[in-house]
Amino acid sequence: MAYGYGAPKMPVDQQFLWGIFSRVDKDRNGKISADELQTALANGSWNPFNPETVRLMISMFDRDKSGNITFDEFGALWKYVTDWQETFRSFDRDRSGRIDKGELQTALSTFGYRLSDRFYDLLIRKFDRTGQGTVAFDDFIQCCITVEMLTASFRRQDANRTGWVQLTYEQFLTLVFNCKST
């Protein structure tokens with residue numbers, strides 16, 4: 001729904017969101033594209049937000065499957081990002097603005113994941129775009145969502161909840177490629 005030039009009549013918290021939405025919607029078409037969202041989001045390191053994280057978030061909140069975020073979809077996305085900021089800050093114990101391996105272990109353990117030390121090394125390598133052995137805010141979101149989505153895909157195969165599944169190679173590929181975050 002395009003809103004034209006003025007903000008529609010809405011409650012105060014919606015007016016606040018409208019102000020943010022309007023600043024992000026640079027071309028004033030009533031929708032936020034991936035490029036507009038990437039430009040608007042801050043990852044704490046003055047670098048552009050990870051395009052894969054932006055793509056993932058748009059796919060999660062784009063209810064009409066337009067490839068863009070409308071104002072109606074924006075409120076949920078805004079809450080999602082601010083909730084992730086709070087989560088990130090709570091696990092960034094040294095206040096570095098980045099999550100190190102130990103902080104990532106604490107975060108994922110808190111979320112209920114029990115993973116090996118070696119796997120955390122793999123996660124850091126996969127989601128550390130700077131090579132510093134740490135993960136920025138946007139990459140932390142992508143890491144956590146990827147683990148969550150892959151876990152959900154695995155659980156659909158693990159009918160007995162044993163933590164073990166037997167798959168053919170093609171079933172494995174189907175499982176991974178059907179996961180939204182990959």
# chains A, B, ... in the order shown; residues from 1 in each chain; ligands from 1
$ residues_around --residues "range 149-158 of chain A" --least-positions-apart "6" --cutoff "7 Å" --atoms "only C-alpha atoms" --output "list of chain:residue names"
A:Trp164, A:Val165, A:Leu175, A:Cys179, A:Ser181
$ residues_around --residues "range 32-38 of chain A" --least-positions-apart "2" --cutoff "10 Å" --atoms "only C-alpha atoms" --output "number ranges by chain"
A: 21-30, 40-43, 48-59, 66-71, 73-74
$ decode --residues "range 151-165 of chain A" --atoms "N, CA and C atoms" --output "PDB file, in the first residue's frame"
ATOM      1  N   THR A 151      18.233 -26.587  11.876  1.00  0.00           N
ATOM      2  CA  THR A 151      17.764 -27.458  12.953  1.00  0.00           C
ATOM      3  C   THR A 151      16.310 -27.847  12.719  1.00  0.00           C
ATOM      4  N   ALA A 152      15.483 -26.883  12.329  1.00  0.00           N
ATOM      5  CA  ALA A 152      14.070 -27.180  12.052  1.00  0.00           C
ATOM      6  C   ALA A 152      13.949 -28.177  10.902  1.00  0.00           C
ATOM      7  N   SER A 153      14.767 -28.019   9.869  1.00  0.00           N
ATOM      8  CA  SER A 153      14.751 -28.966   8.749  1.00  0.00           C
ATOM      9  C   SER A 153      15.172 -30.357   9.210  1.00  0.00           C
ATOM     10  N   PHE A 154      16.199 -30.412  10.041  1.00  0.00           N
ATOM     11  CA  PHE A 154      16.663 -31.700  10.570  1.00  0.00           C
ATOM     12  C   PHE A 154      15.569 -32.358  11.412  1.00  0.00           C
ATOM     13  N   ARG A 155      14.935 -31.574  12.251  1.00  0.00           N
ATOM     14  CA  ARG A 155      13.897 -32.127  13.137  1.00  0.00           C
ATOM     15  C   ARG A 155      12.731 -32.720  12.360  1.00  0.00           C
ATOM     16  N   ARG A 156      12.418 -32.143  11.208  1.00  0.00           N
ATOM     17  CA  ARG A 156      11.345 -32.705  10.383  1.00  0.00           C
ATOM     18  C   ARG A 156      11.709 -34.104   9.902  1.00  0.00           C
ATOM     19  N   GLN A 157      12.999 -34.388   9.774  1.00  0.00           N
ATOM     20  CA  GLN A 157      13.459 -35.717   9.355  1.00  0.00           C
ATOM     21  C   GLN A 157      13.619 -36.678  10.532  1.00  0.00           C
ATOM     22  N   ASP A 158      13.834 -36.115  11.703  1.00  0.00           N
ATOM     23  CA  ASP A 158      14.098 -36.901  12.918  1.00  0.00           C
ATOM     24  C   ASP A 158      12.782 -37.159  13.666  1.00  0.00           C
ATOM     25  N   ALA A 159      11.944 -38.010  13.086  1.00  0.00           N
ATOM     26  CA  ALA A 159      10.601 -38.259  13.621  1.00  0.00           C
ATOM     27  C   ALA A 159      10.640 -38.812  15.044  1.00  0.00           C
ATOM     28  N   ASN A 160      11.633 -39.600  15.369  1.00  0.00           N
ATOM     29  CA  ASN A 160      11.728 -40.212  16.699  1.00  0.00           C
ATOM     30  C   ASN A 160      12.459 -39.341  17.718  1.00  0.00           C
ATOM     31  N   ARG A 161      12.954 -38.184  17.274  1.00  0.00           N
ATOM     32  CA  ARG A 161      13.681 -37.251  18.145  1.00  0.00           C
ATOM     33  C   ARG A 161      14.888 -37.897  18.823  1.00  0.00           C
ATOM     34  N   THR A 162      15.649 -38.639  18.022  1.00  0.00           N
ATOM     35  CA  THR A 162      16.840 -39.305  18.545  1.00  0.00           C
ATOM     36  C   THR A 162      18.109 -38.499  18.323  1.00  0.00           C
ATOM     37  N   GLY A 163      18.032 -37.496  17.451  1.00  0.00           N
ATOM     38  CA  GLY A 163      19.221 -36.737  17.105  1.00  0.00           C
ATOM     39  C   GLY A 163      19.999 -37.388  15.962  1.00  0.00           C
ATOM     40  N   TRP A 164      19.410 -38.397  15.362  1.00  0.00           N
ATOM     41  CA  TRP A 164      20.032 -39.112  14.245  1.00  0.00           C
ATOM     42  C   TRP A 164      19.021 -39.259  13.115  1.00  0.00           C
ATOM     43  N   VAL A 165      19.500 -39.066  11.884  1.00  0.00           N
ATOM     44  CA  VAL A 165      18.678 -39.346  10.712  1.00  0.00           C
ATOM     45  C   VAL A 165      19.533 -40.067   9.685  1.00  0.00           C
TER      46      VAL A 165
END
